[in-house]
$ cat coords-v6.cif   # mmCIF, C-alpha atoms and all ligand atoms
data_query
loop_
_atom_site.label_atom_id
_atom_site.label_comp_id
_atom_site.auth_asym_id
_atom_site.auth_seq_id
_atom_site.Cartn_x
_atom_site.Cartn_y
_atom_site.Cartn_z
CA MET S 1 -21.91 -119.43 -214.89
CA ASN S 2 -19.09 -121.96 -214.45
CA PRO S 3 -15.65 -120.53 -215.10
CA LEU S 4 -13.93 -121.48 -218.33
CA LEU S 5 -10.47 -121.38 -216.79
CA THR S 6 -9.67 -121.93 -213.12
CA VAL S 7 -6.17 -121.53 -211.74
CA SER S 8 -5.84 -122.60 -208.11
CA ASP S 9 -2.88 -121.95 -205.82
CA LEU S 10 -0.50 -122.31 -208.78
CA ARG S 11 3.19 -122.61 -207.98
CA LEU S 12 6.05 -122.77 -210.41
CA ARG S 13 9.79 -122.96 -210.11
CA TYR S 14 11.86 -123.22 -213.30
CA PRO S 15 14.38 -126.07 -213.30
CA ARG S 16 17.83 -125.21 -211.95
CA ARG S 17 20.41 -124.54 -214.66
CA GLY S 18 23.58 -125.73 -212.82
CA LEU S 19 24.48 -127.71 -209.74
CA PHE S 20 24.88 -124.61 -207.58
CA ALA S 21 22.29 -122.45 -209.24
CA THR S 22 19.25 -121.47 -207.24
CA SER S 23 15.83 -121.29 -208.73
CA PRO S 24 13.36 -118.98 -207.04
CA GLU S 25 9.66 -119.70 -207.04
CA VAL S 26 8.30 -117.62 -209.92
CA LEU S 27 4.61 -118.27 -209.21
CA ARG S 28 3.77 -118.36 -205.52
CA GLY S 29 0.22 -119.57 -205.08
CA VAL S 30 -1.71 -117.80 -207.86
CA SER S 31 -5.49 -118.31 -208.02
CA LEU S 32 -7.78 -116.78 -210.62
CA ASP S 33 -10.62 -117.66 -212.92
CA ILE S 34 -11.97 -116.47 -216.26
CA ALA S 35 -15.59 -116.78 -217.34
CA PRO S 36 -16.61 -117.60 -220.91
CA GLY S 37 -16.47 -114.42 -223.00
CA GLU S 38 -14.60 -112.48 -220.33
CA THR S 39 -11.31 -110.58 -220.57
CA LEU S 40 -9.06 -110.80 -217.55
CA GLY S 41 -6.21 -108.33 -217.77
CA LEU S 42 -3.07 -109.57 -216.07
CA VAL S 43 -0.74 -106.71 -215.21
CA GLY S 44 2.38 -106.32 -213.16
CA GLU S 45 5.88 -105.04 -213.46
CA SER S 46 8.54 -106.79 -215.47
CA GLY S 47 9.54 -110.14 -213.98
CA SER S 48 6.43 -110.50 -211.81
CA GLY S 49 5.50 -113.80 -213.51
CA LYS S 50 2.77 -112.85 -216.00
CA THR S 51 4.24 -114.63 -219.01
CA THR S 52 5.06 -117.67 -216.88
CA LEU S 53 1.41 -117.89 -215.82
CA GLY S 54 0.31 -117.64 -219.47
CA ARG S 55 2.82 -120.32 -220.45
CA ALA S 56 1.55 -122.58 -217.68
CA VAL S 57 -2.02 -122.17 -218.99
CA LEU S 58 -0.76 -123.08 -222.48
CA GLY S 59 1.05 -126.15 -221.12
CA LEU S 60 4.46 -124.66 -221.99
CA ALA S 61 5.73 -124.28 -218.40
CA LYS S 62 5.37 -127.02 -215.83
CA PRO S 63 3.71 -126.10 -212.53
CA THR S 64 5.30 -127.39 -209.35
CA GLY S 65 2.08 -127.09 -207.35
CA GLY S 66 -1.59 -126.15 -207.55
CA SER S 67 -3.88 -126.79 -210.48
CA ILE S 68 -5.25 -125.45 -213.76
CA SER S 69 -8.58 -126.59 -215.11
CA PHE S 70 -10.27 -125.72 -218.38
CA ASP S 71 -14.00 -126.18 -218.69
CA GLY S 72 -13.92 -128.48 -215.67
CA ARG S 73 -11.04 -130.63 -216.97
CA ASP S 74 -7.82 -130.75 -214.93
CA ILE S 75 -5.04 -129.88 -217.42
CA THR S 76 -2.31 -129.08 -214.88
CA HIS S 77 0.10 -131.78 -215.92
CA GLU S 78 -0.96 -132.36 -219.50
CA THR S 79 1.79 -131.64 -222.00
CA PRO S 80 0.89 -129.66 -225.15
CA LYS S 81 1.09 -132.99 -227.03
CA ALA S 82 -1.25 -134.77 -224.65
CA ARG S 83 -3.72 -131.94 -224.87
CA ARG S 84 -3.60 -131.62 -228.64
CA ASP S 85 -7.38 -131.70 -228.74
CA LEU S 86 -7.34 -128.62 -226.52
CA ALA S 87 -5.38 -126.72 -229.17
CA ARG S 88 -8.71 -125.91 -230.73
CA ASP S 89 -9.88 -124.32 -227.51
CA ILE S 90 -6.84 -122.47 -226.17
CA GLN S 91 -4.78 -120.32 -228.52
CA VAL S 92 -2.12 -117.67 -228.11
CA VAL S 93 -1.14 -114.32 -229.61
CA PHE S 94 2.40 -113.15 -228.79
CA GLN S 95 3.97 -109.71 -228.72
CA ASP S 96 6.10 -110.26 -231.79
CA PRO S 97 4.06 -111.74 -234.62
CA TYR S 98 7.13 -111.79 -236.85
CA SER S 99 8.74 -114.49 -234.76
CA SER S 100 5.52 -116.48 -234.46
CA LEU S 101 4.70 -116.48 -238.19
CA ASN S 102 6.70 -118.67 -240.53
CA PRO S 103 8.46 -116.20 -242.91
CA ALA S 104 8.66 -118.82 -245.67
CA LEU S 105 4.91 -119.38 -245.84
CA GLN S 106 2.28 -117.29 -247.58
CA ILE S 107 -0.40 -116.06 -245.21
CA SER S 108 -2.92 -118.43 -246.80
CA GLU S 109 -0.65 -121.39 -245.95
CA THR S 110 -0.10 -120.18 -242.38
CA LEU S 111 -3.82 -119.80 -241.82
CA ALA S 112 -4.83 -123.00 -243.59
CA GLU S 113 -2.29 -125.20 -241.79
CA PRO S 114 -4.26 -125.74 -238.54
CA LEU S 115 -7.52 -126.09 -240.49
CA ILE S 116 -6.18 -128.83 -242.74
CA ALA S 117 -4.55 -130.53 -239.72
CA GLN S 118 -8.02 -130.65 -238.17
CA GLY S 119 -9.45 -132.31 -241.28
CA GLU S 120 -10.80 -129.45 -243.42
CA THR S 121 -10.58 -129.99 -247.17
CA ASN S 122 -8.39 -127.59 -249.17
CA LYS S 123 -11.48 -125.99 -250.64
CA ASP S 124 -13.14 -125.42 -247.26
CA ALA S 125 -9.86 -124.17 -245.79
CA ARG S 126 -9.56 -121.61 -248.60
CA ALA S 127 -13.02 -120.28 -247.82
CA THR S 128 -12.26 -120.18 -244.07
CA VAL S 129 -9.01 -118.30 -244.73
CA ALA S 130 -10.89 -115.68 -246.77
CA ALA S 131 -13.43 -115.29 -243.95
CA LEU S 132 -10.65 -114.99 -241.35
CA LEU S 133 -8.87 -112.26 -243.32
CA ASP S 134 -12.12 -110.40 -243.64
CA LYS S 135 -12.78 -110.76 -239.91
CA VAL S 136 -9.45 -109.18 -238.96
CA GLY S 137 -9.83 -106.40 -241.53
CA LEU S 138 -7.18 -107.49 -244.05
CA PRO S 139 -7.77 -107.37 -247.83
CA ALA S 140 -8.42 -110.68 -249.58
CA ASP S 141 -5.18 -110.43 -251.58
CA SER S 142 -3.21 -110.67 -248.29
CA ALA S 143 -3.57 -114.42 -248.65
CA GLU S 144 -0.83 -114.57 -251.29
CA ARG S 145 1.60 -112.38 -249.39
CA TYR S 146 4.41 -113.23 -246.96
CA PRO S 147 4.78 -111.92 -243.37
CA ARG S 148 7.61 -109.54 -244.34
CA GLU S 149 5.26 -107.70 -246.70
CA PHE S 150 3.05 -106.44 -243.85
CA SER S 151 3.33 -103.64 -241.31
CA GLY S 152 3.58 -104.52 -237.61
CA GLY S 153 -0.13 -103.89 -237.04
CA GLN S 154 -1.12 -105.94 -240.09
CA ARG S 155 1.15 -108.77 -239.00
CA GLN S 156 -0.55 -108.77 -235.61
CA ARG S 157 -3.88 -109.03 -237.43
CA VAL S 158 -2.54 -112.09 -239.24
CA ALA S 159 -1.46 -113.58 -235.90
CA ILE S 160 -4.94 -112.91 -234.51
CA ALA S 161 -6.51 -114.55 -237.58
CA ARG S 162 -4.28 -117.57 -237.03
CA ALA S 163 -5.32 -117.77 -233.37
CA LEU S 164 -8.97 -117.53 -234.41
CA ALA S 165 -8.74 -120.19 -237.11
CA LEU S 166 -9.95 -123.03 -234.91
CA SER S 167 -12.63 -120.96 -233.10
CA PRO S 168 -10.95 -121.12 -229.68
CA ARG S 169 -12.76 -120.40 -226.42
CA LEU S 170 -9.74 -118.80 -224.76
CA ILE S 171 -6.86 -116.80 -226.21
CA VAL S 172 -3.79 -116.02 -224.13
CA CYS S 173 -2.70 -112.62 -225.44
CA ASP S 174 0.85 -111.95 -224.24
CA GLU S 175 1.68 -108.28 -224.78
CA PRO S 176 -0.04 -108.37 -228.19
CA VAL S 177 0.11 -104.63 -228.80
CA SER S 178 3.30 -103.61 -226.99
CA ALA S 179 5.36 -103.43 -230.16
CA LEU S 180 2.83 -101.20 -231.97
CA ASP S 181 2.45 -97.44 -232.10
CA LEU S 182 -0.44 -95.94 -230.11
CA THR S 183 -2.90 -95.59 -232.99
CA THR S 184 -2.27 -99.13 -234.19
CA GLN S 185 -2.53 -100.38 -230.60
CA ALA S 186 -6.00 -98.88 -230.29
CA ARG S 187 -7.11 -100.42 -233.60
CA VAL S 188 -5.88 -103.90 -232.69
CA LEU S 189 -7.47 -103.66 -229.22
CA ASP S 190 -10.77 -102.63 -230.80
CA LEU S 191 -10.49 -105.56 -233.19
CA LEU S 192 -10.03 -107.95 -230.25
CA ILE S 193 -13.06 -106.42 -228.52
CA ASP S 194 -15.19 -106.78 -231.69
CA ILE S 195 -14.09 -110.38 -232.14
CA GLN S 196 -15.02 -111.14 -228.55
CA ARG S 197 -18.48 -109.63 -229.02
CA GLU S 198 -18.96 -111.69 -232.15
CA THR S 199 -17.53 -115.02 -231.02
CA GLY S 200 -17.72 -115.03 -227.20
CA VAL S 201 -14.04 -115.89 -226.90
CA ALA S 202 -12.37 -115.19 -223.52
CA TYR S 203 -8.98 -113.49 -223.20
CA LEU S 204 -6.21 -113.76 -220.65
CA PHE S 205 -4.64 -110.46 -221.61
CA ILE S 206 -1.08 -110.05 -220.34
CA THR S 207 0.61 -106.67 -220.36
CA HIS S 208 2.66 -104.37 -218.20
CA ASP S 209 0.72 -101.41 -219.53
CA LEU S 210 -2.25 -100.61 -217.37
CA GLN S 211 -3.62 -98.06 -219.84
CA VAL S 212 -3.92 -100.83 -222.44
CA VAL S 213 -5.47 -103.30 -220.05
CA ARG S 214 -7.99 -100.75 -218.82
CA HIS S 215 -9.23 -100.35 -222.38
CA ILE S 216 -9.94 -104.01 -222.97
CA SER S 217 -10.50 -105.83 -219.65
CA HIS S 218 -13.62 -106.62 -217.69
CA ARG S 219 -11.51 -107.50 -214.66
CA ILE S 220 -7.90 -106.85 -213.81
CA ALA S 221 -5.51 -108.99 -211.78
CA VAL S 222 -2.26 -107.46 -210.59
CA MET S 223 0.85 -109.59 -210.05
CA TYR S 224 3.77 -108.68 -207.87
CA GLN S 225 6.75 -110.97 -207.39
CA GLY S 226 4.87 -114.13 -208.30
CA GLU S 227 1.72 -113.40 -206.33
CA LEU S 228 -1.64 -111.95 -207.25
CA VAL S 229 -1.92 -108.92 -205.07
CA GLU S 230 -5.07 -107.22 -206.35
CA THR S 231 -8.05 -108.26 -208.44
CA GLY S 232 -11.27 -106.51 -209.26
CA LYS S 233 -13.45 -104.93 -211.90
CA ALA S 234 -11.33 -102.87 -214.28
CA ALA S 235 -13.02 -99.56 -213.43
CA ASP S 236 -12.82 -100.15 -209.64
CA VAL S 237 -9.24 -101.33 -209.57
CA THR S 238 -7.95 -98.45 -211.66
CA SER S 239 -9.87 -95.68 -209.91
CA ASN S 240 -9.74 -96.69 -206.25
CA PRO S 241 -6.60 -95.36 -204.51
CA GLU S 242 -6.76 -98.26 -202.07
CA HIS S 243 -5.57 -100.53 -204.87
CA GLU S 244 -2.05 -99.46 -204.24
CA TYR S 245 -0.23 -101.79 -206.62
CA THR S 246 -2.51 -100.77 -209.47
CA GLN S 247 -2.07 -97.11 -208.69
CA ASN S 248 1.68 -97.56 -208.67
CA LEU S 249 1.54 -99.23 -212.06
CA LEU S 250 -0.59 -96.37 -213.37
CA PHE S 251 2.09 -93.94 -212.34
CA ALA S 252 5.06 -96.03 -213.39
CA SER S 253 6.36 -96.00 -216.91
CA PRO S 254 5.62 -99.41 -218.39
CA THR S 255 9.16 -99.60 -219.69
CA ALA S 256 10.85 -98.84 -216.37
CA ASP S 257 12.94 -101.63 -214.89
CA PRO S 258 11.81 -103.23 -211.60
CA ASP S 259 14.27 -101.22 -209.50
CA THR S 260 13.09 -97.94 -211.00
CA GLN S 261 9.48 -98.96 -210.51
CA ARG S 262 10.18 -99.96 -206.90
CA GLU S 263 11.88 -96.62 -206.31
CA ARG S 264 8.88 -94.77 -207.77
CA ARG S 265 6.49 -96.82 -205.67
CA GLU S 266 8.43 -96.03 -202.51
CA ARG S 267 8.51 -92.36 -203.47
CA ARG S 268 4.75 -92.39 -204.01
CA GLN S 269 4.18 -94.05 -200.65
CA GLU S 270 6.40 -91.44 -199.06
CA LEU S 271 4.40 -88.66 -200.75
CA ARG S 272 1.16 -90.22 -199.51
CA ARG S 273 2.50 -90.34 -195.95
CA GLU S 274 3.58 -86.72 -196.24
CA GLN S 275 0.16 -85.74 -197.56
CA ALA S 276 -1.59 -87.68 -194.79
CA ALA S 277 0.63 -86.09 -192.15
CA ALA S 278 0.00 -82.60 -193.61
CA SER S 279 -3.77 -83.06 -193.60
CA THR S 280 -4.02 -84.12 -189.92
N1 LIG W 301 12.59 -120.15 -219.02
C1 LIG W 301 12.94 -119.62 -217.86
N2 LIG W 301 13.89 -120.18 -217.08
C2 LIG W 301 14.23 -119.66 -215.89
N3 LIG W 301 13.69 -118.52 -215.37
C3 LIG W 301 12.76 -117.90 -216.11
C4 LIG W 301 12.32 -118.40 -217.39
N4 LIG W 301 11.37 -117.56 -217.88
C5 LIG W 301 11.22 -116.59 -216.97
N5 LIG W 301 12.04 -116.79 -215.91
C6 LIG W 301 12.12 -115.96 -214.71
O1 LIG W 301 10.83 -115.96 -214.12
C7 LIG W 301 10.52 -114.67 -213.59
C8 LIG W 301 9.19 -114.20 -214.16
O2 LIG W 301 9.35 -113.99 -215.55
P1 LIG W 301 8.12 -113.69 -216.52
O3 LIG W 301 8.65 -113.59 -217.90
O4 LIG W 301 7.04 -114.65 -216.24
O5 LIG W 301 7.68 -112.26 -215.99
P2 LIG W 301 6.78 -111.15 -216.68
O6 LIG W 301 5.96 -110.55 -215.59
O7 LIG W 301 6.06 -111.72 -217.84
O8 LIG W 301 7.87 -110.12 -217.18
P3 LIG W 301 7.89 -109.16 -218.50
O9 LIG W 301 6.78 -108.16 -218.33
O10 LIG W 301 9.24 -108.52 -218.45
O11 LIG W 301 7.72 -110.06 -219.69
C9 LIG W 301 11.69 -113.76 -213.93
O12 LIG W 301 12.52 -113.66 -212.80
C10 LIG W 301 12.39 -114.50 -215.04
O13 LIG W 301 13.76 -114.23 -215.01
#
$ encode --input "coords-v6.cif" --output "structure tokens"
Amino acid sequence: MNPLLTVSDLRLRYPRRGLFATSPEVLRGVSLDIAPGETLGLVGESGSGKTTLGRAVLGLAKPTGGSISFDGRDITHETPKARRDLARDIQVVFQDPYSSLNPALQISETLAEPLIAQGETNKDARATVAALLDKVGLPADSAERYPREFSGGQRQRVAIARALALSPRLIVCDEPVSALDLTTQARVLDLLIDIQRETGVAYLFITHDLQVVRHISHRIAVMYQGELVETGKAADVTSNPEHEYTQNLLFASPTADPDTQRERRERRQELRREQAAAST
């Protein structure tokens, strides 16, 4: 099967802020692909470039090298405006639905907006909104409510409904459950899995939490300092000790800062060496 998304040797350096400022390369030759209906979990410690890669796929960050193609079409240098027709196909769910939902709009307006922009009549849009709410497990009367009237998990369901409105083929999910408690996390992940089974949508699922990504991904790609250092089937990558970066992530607290994580990784490597030396 042809990949839906192909990222080849992608490089990205954010523009320099001042005359003397330096700007390190944030993506350093990243290549990956995602098949239709597949979930690729993108993990890595804070600052490794995961969000930047997601933003590049969405056309929100400008690559300085390499290419991105979607369904065979080269979209590397297309701005979000130029690729407006692709908005149907590639959607996003962010970590904080509160900031991505307009607080002044009722949920029905938020959900109907993209539908009407794509030419649906008000009547059809109303029916689609009702179906979307049902799909994400929210009661029908949610349509008349405002974002502030929902819990975090419910708001994330609204954000998922919004992403689903145009029946996309790929959703970039950037830390979509990180702000939720564990039980709610599991429910939202299960919802995403159910939706994928039903619609065949693919996910680029970004998180620094390997436990979360293990639950939802078919394959996992691990980033470290702007490079992809490990990729493989979720079960293999997380269980095989040879996948050192993944193992280190499994043992690192997802909230630890890069220095702490580096320290833990070095400590783990040291322990491994000690164990190896003791067993010979
Ligand atoms: N708009 C920007 N301008 C300049 N530098 C940026 C910008 N956004 C991110 N960076 C830098 O790019 C690097 C990668 O950041 P990015 O947010 O992609 O990492 P991440 O792996 O998603 O991290 P986290 O898990 O903490 O969200 C970091 O060093 C960050 O400081």
$ residues_near_ligand --input "coords-v6.cif" --ligand "ligand LIG 301 (chain W)" --cutoff "7 Å" --atoms "all atoms listed in the file" --output "PyMOL selection string"
chain S and resi 14-15+26+44-53+207-208
$ atom_distance --input "coords-v6.cif" --atom1 "atom CA of Ser8 of chain S" --atom2 "atom CA of Ser67 of chain S"
5.2 Å
$ residues_around --input "coords-v6.cif" --residues "Glu113 of chain S" --least-positions-apart "3" --cutoff "12 Å" --atoms "all atoms listed in the file" --output "list in words"
Leu101, Asn102, Leu105, Gln106, Ile107, Ser108, Glu109, Thr110, Ile116, Ala117, Gln118, Gly119, Glu120, Thr121, Asn122, Ala125, Arg126, Thr128, Val129, Arg162, Ala163, Ala165 and Leu166 of chain S
$ closest_residue --input "coords-v6.cif" --among "S:Leu12, S:Val188, S:Ala35, S:Ala234" --to "Ile160 of chain S" --atoms "only C-alpha atoms"
S:Val188
$ closest_residue --input "coords-v6.cif" --among "S:Ala161, S:Ile216, S:Ala61, S:Leu182" --to "Arg197 of chain S" --atoms "all atoms listed in the file"
S:Ile216
$ residues_around --input "coords-v6.cif" --residues "Arg55 of chain S" --least-positions-apart "4" --cutoff "12 Å" --atoms "only C-alpha atoms" --output "number ranges by chain"
S: 12, 14, 27, 49-51, 59-63, 68, 76, 79-80, 90-94, 171-174, 204, 206
$ residues_near_point --input "coords-v6.cif" --point "(-12.8, -121.4, -225.9)" --cutoff "8 Å" --atoms "all atoms listed in the file" --output "list in words"
Leu4, Pro36, Arg88, Asp89, Ile90, Ser167, Pro168, Arg169, Leu170, Ile171, Val201 and Ala202 of chain S
$ write_last_selection --input "coords-v6.cif" --atoms "C-alpha atoms" --output "PDB file, keeping the file's coordinate frame"
ATOM      1  CA  LEU S   4     -13.930-121.480-218.330  1.00  0.00           C
ATOM      2  CA  PRO S  36     -16.610-117.600-220.910  1.00  0.00           C
ATOM      3  CA  ARG S  88      -8.710-125.910-230.730  1.00  0.00           C
ATOM      4  CA  ASP S  89      -9.880-124.320-227.510  1.00  0.00           C
ATOM      5  CA  ILE S  90      -6.840-122.470-226.170  1.00  0.00           C
ATOM      6  CA  SER S 167     -12.630-120.960-233.100  1.00  0.00           C
ATOM      7  CA  PRO S 168     -10.950-121.120-229.680  1.00  0.00           C
ATOM      8  CA  ARG S 169     -12.760-120.400-226.420  1.00  0.00           C
ATOM      9  CA  LEU S 170      -9.740-118.800-224.760  1.00  0.00           C
ATOM     10  CA  ILE S 171      -6.860-116.800-226.210  1.00  0.00           C
ATOM     11  CA  VAL S 201     -14.040-115.890-226.900  1.00  0.00           C
ATOM     12  CA  ALA S 202     -12.370-115.190-223.520  1.00  0.00           C
TER      13      ALA S 202
END
$ closest_residue --input "coords-v6.cif" --among "S:Leu40, S:Leu115, S:Ala21, S:Val158" --to "Gly137 of chain S" --atoms "all atoms listed in the file"
S:Val158
$ atom_distance --input "coords-v6.cif" --atom1 "atom CA of Gly37 of chain S" --atom2 "atom CA of Gln196 of chain S"
6.6 Å
$ closest_residue --input "coords-v6.cif" --among "S:Ala56, S:Ala82, S:Val177, S:Val212" --to "Asp96 of chain S" --atoms "only C-alpha atoms"
S:Val177
$ residues_around --input "coords-v6.cif" --residues "Leu191 of chain S" --least-positions-apart "6" --cutoff "9 Å" --atoms "all atoms listed in the file" --output "JSON, numbers by chain"
{"S": [135, 136, 137, 157]}
$ decode --input "coords-v6.cif" --residues "segment 15-34 of chain S" --atoms "N, CA and C atoms" --output "mmCIF file, in the first residue's frame"
data_model
loop_
_atom_site.group_PDB
_atom_site.id
_atom_site.type_symbol
_atom_site.label_atom_id
_atom_site.label_comp_id
_atom_site.auth_asym_id
_atom_site.auth_seq_id
_atom_site.Cartn_x
_atom_site.Cartn_y
_atom_site.Cartn_z
ATOM 1 N N PRO S 15 13.847 30.624 12.029
ATOM 2 C CA PRO S 15 14.553 31.863 11.690
ATOM 3 C C PRO S 15 15.257 32.440 12.918
ATOM 4 N N ARG S 16 16.399 33.115 12.669
ATOM 5 C CA ARG S 16 17.117 33.741 13.774
ATOM 6 C C ARG S 16 16.317 34.915 14.304
ATOM 7 N N ARG S 17 16.347 35.110 15.629
ATOM 8 C CA ARG S 17 15.583 36.208 16.229
ATOM 9 C C ARG S 17 16.316 37.540 16.098
ATOM 10 N N GLY S 18 17.635 37.581 16.378
ATOM 11 C CA GLY S 18 18.404 38.829 16.338
ATOM 12 C C GLY S 18 19.638 38.654 15.474
ATOM 13 N N LEU S 19 20.351 39.738 15.279
ATOM 14 C CA LEU S 19 21.515 39.720 14.389
ATOM 15 C C LEU S 19 22.551 38.694 14.844
ATOM 16 N N PHE S 20 22.745 38.615 16.183
ATOM 17 C CA PHE S 20 23.798 37.741 16.687
ATOM 18 C C PHE S 20 23.265 36.411 17.221
ATOM 19 N N ALA S 21 21.969 36.258 17.106
ATOM 20 C CA ALA S 21 21.397 35.009 17.635
ATOM 21 C C ALA S 21 21.772 33.839 16.728
ATOM 22 N N THR S 22 21.939 32.682 17.340
ATOM 23 C CA THR S 22 22.185 31.497 16.516
ATOM 24 C C THR S 22 20.891 30.700 16.472
ATOM 25 N N SER S 23 20.757 29.894 15.471
ATOM 26 C CA SER S 23 19.544 29.117 15.354
ATOM 27 C C SER S 23 19.912 27.687 14.989
ATOM 28 N N PRO S 24 19.892 26.815 15.982
ATOM 29 C CA PRO S 24 20.303 25.433 15.705
ATOM 30 C C PRO S 24 19.322 24.721 14.792
ATOM 31 N N GLU S 25 19.803 23.686 14.135
ATOM 32 C CA GLU S 25 18.908 22.891 13.295
ATOM 33 C C GLU S 25 18.049 22.031 14.223
ATOM 34 N N VAL S 26 16.742 22.208 14.140
ATOM 35 C CA VAL S 26 15.830 21.528 15.059
ATOM 36 C C VAL S 26 15.424 20.158 14.510
ATOM 37 N N LEU S 27 15.298 20.057 13.181
ATOM 38 C CA LEU S 27 15.097 18.745 12.549
ATOM 39 C C LEU S 27 16.318 18.477 11.673
ATOM 40 N N ARG S 28 16.933 17.314 11.881
ATOM 41 C CA ARG S 28 18.207 17.060 11.210
ATOM 42 C C ARG S 28 18.126 15.798 10.350
ATOM 43 N N GLY S 29 17.317 15.895 9.299
ATOM 44 C CA GLY S 29 17.256 14.775 8.358
ATOM 45 C C GLY S 29 16.294 13.686 8.804
ATOM 46 N N VAL S 30 15.035 14.072 9.064
ATOM 47 C CA VAL S 30 14.043 13.099 9.556
ATOM 48 C C VAL S 30 13.298 12.459 8.383
ATOM 49 N N SER S 31 13.249 11.140 8.361
ATOM 50 C CA SER S 31 12.475 10.424 7.333
ATOM 51 C C SER S 31 11.512 9.454 8.010
ATOM 52 N N LEU S 32 10.266 9.496 7.596
ATOM 53 C CA LEU S 32 9.287 8.532 8.110
ATOM 54 C C LEU S 32 8.109 8.465 7.153
ATOM 55 N N ASP S 33 7.308 7.424 7.282
ATOM 56 C CA ASP S 33 6.061 7.430 6.525
ATOM 57 C C ASP S 33 4.925 6.857 7.375
ATOM 58 N N ILE S 34 3.718 7.178 6.951
ATOM 59 C CA ILE S 34 2.523 6.681 7.651
ATOM 60 C C ILE S 34 1.571 6.133 6.596
#
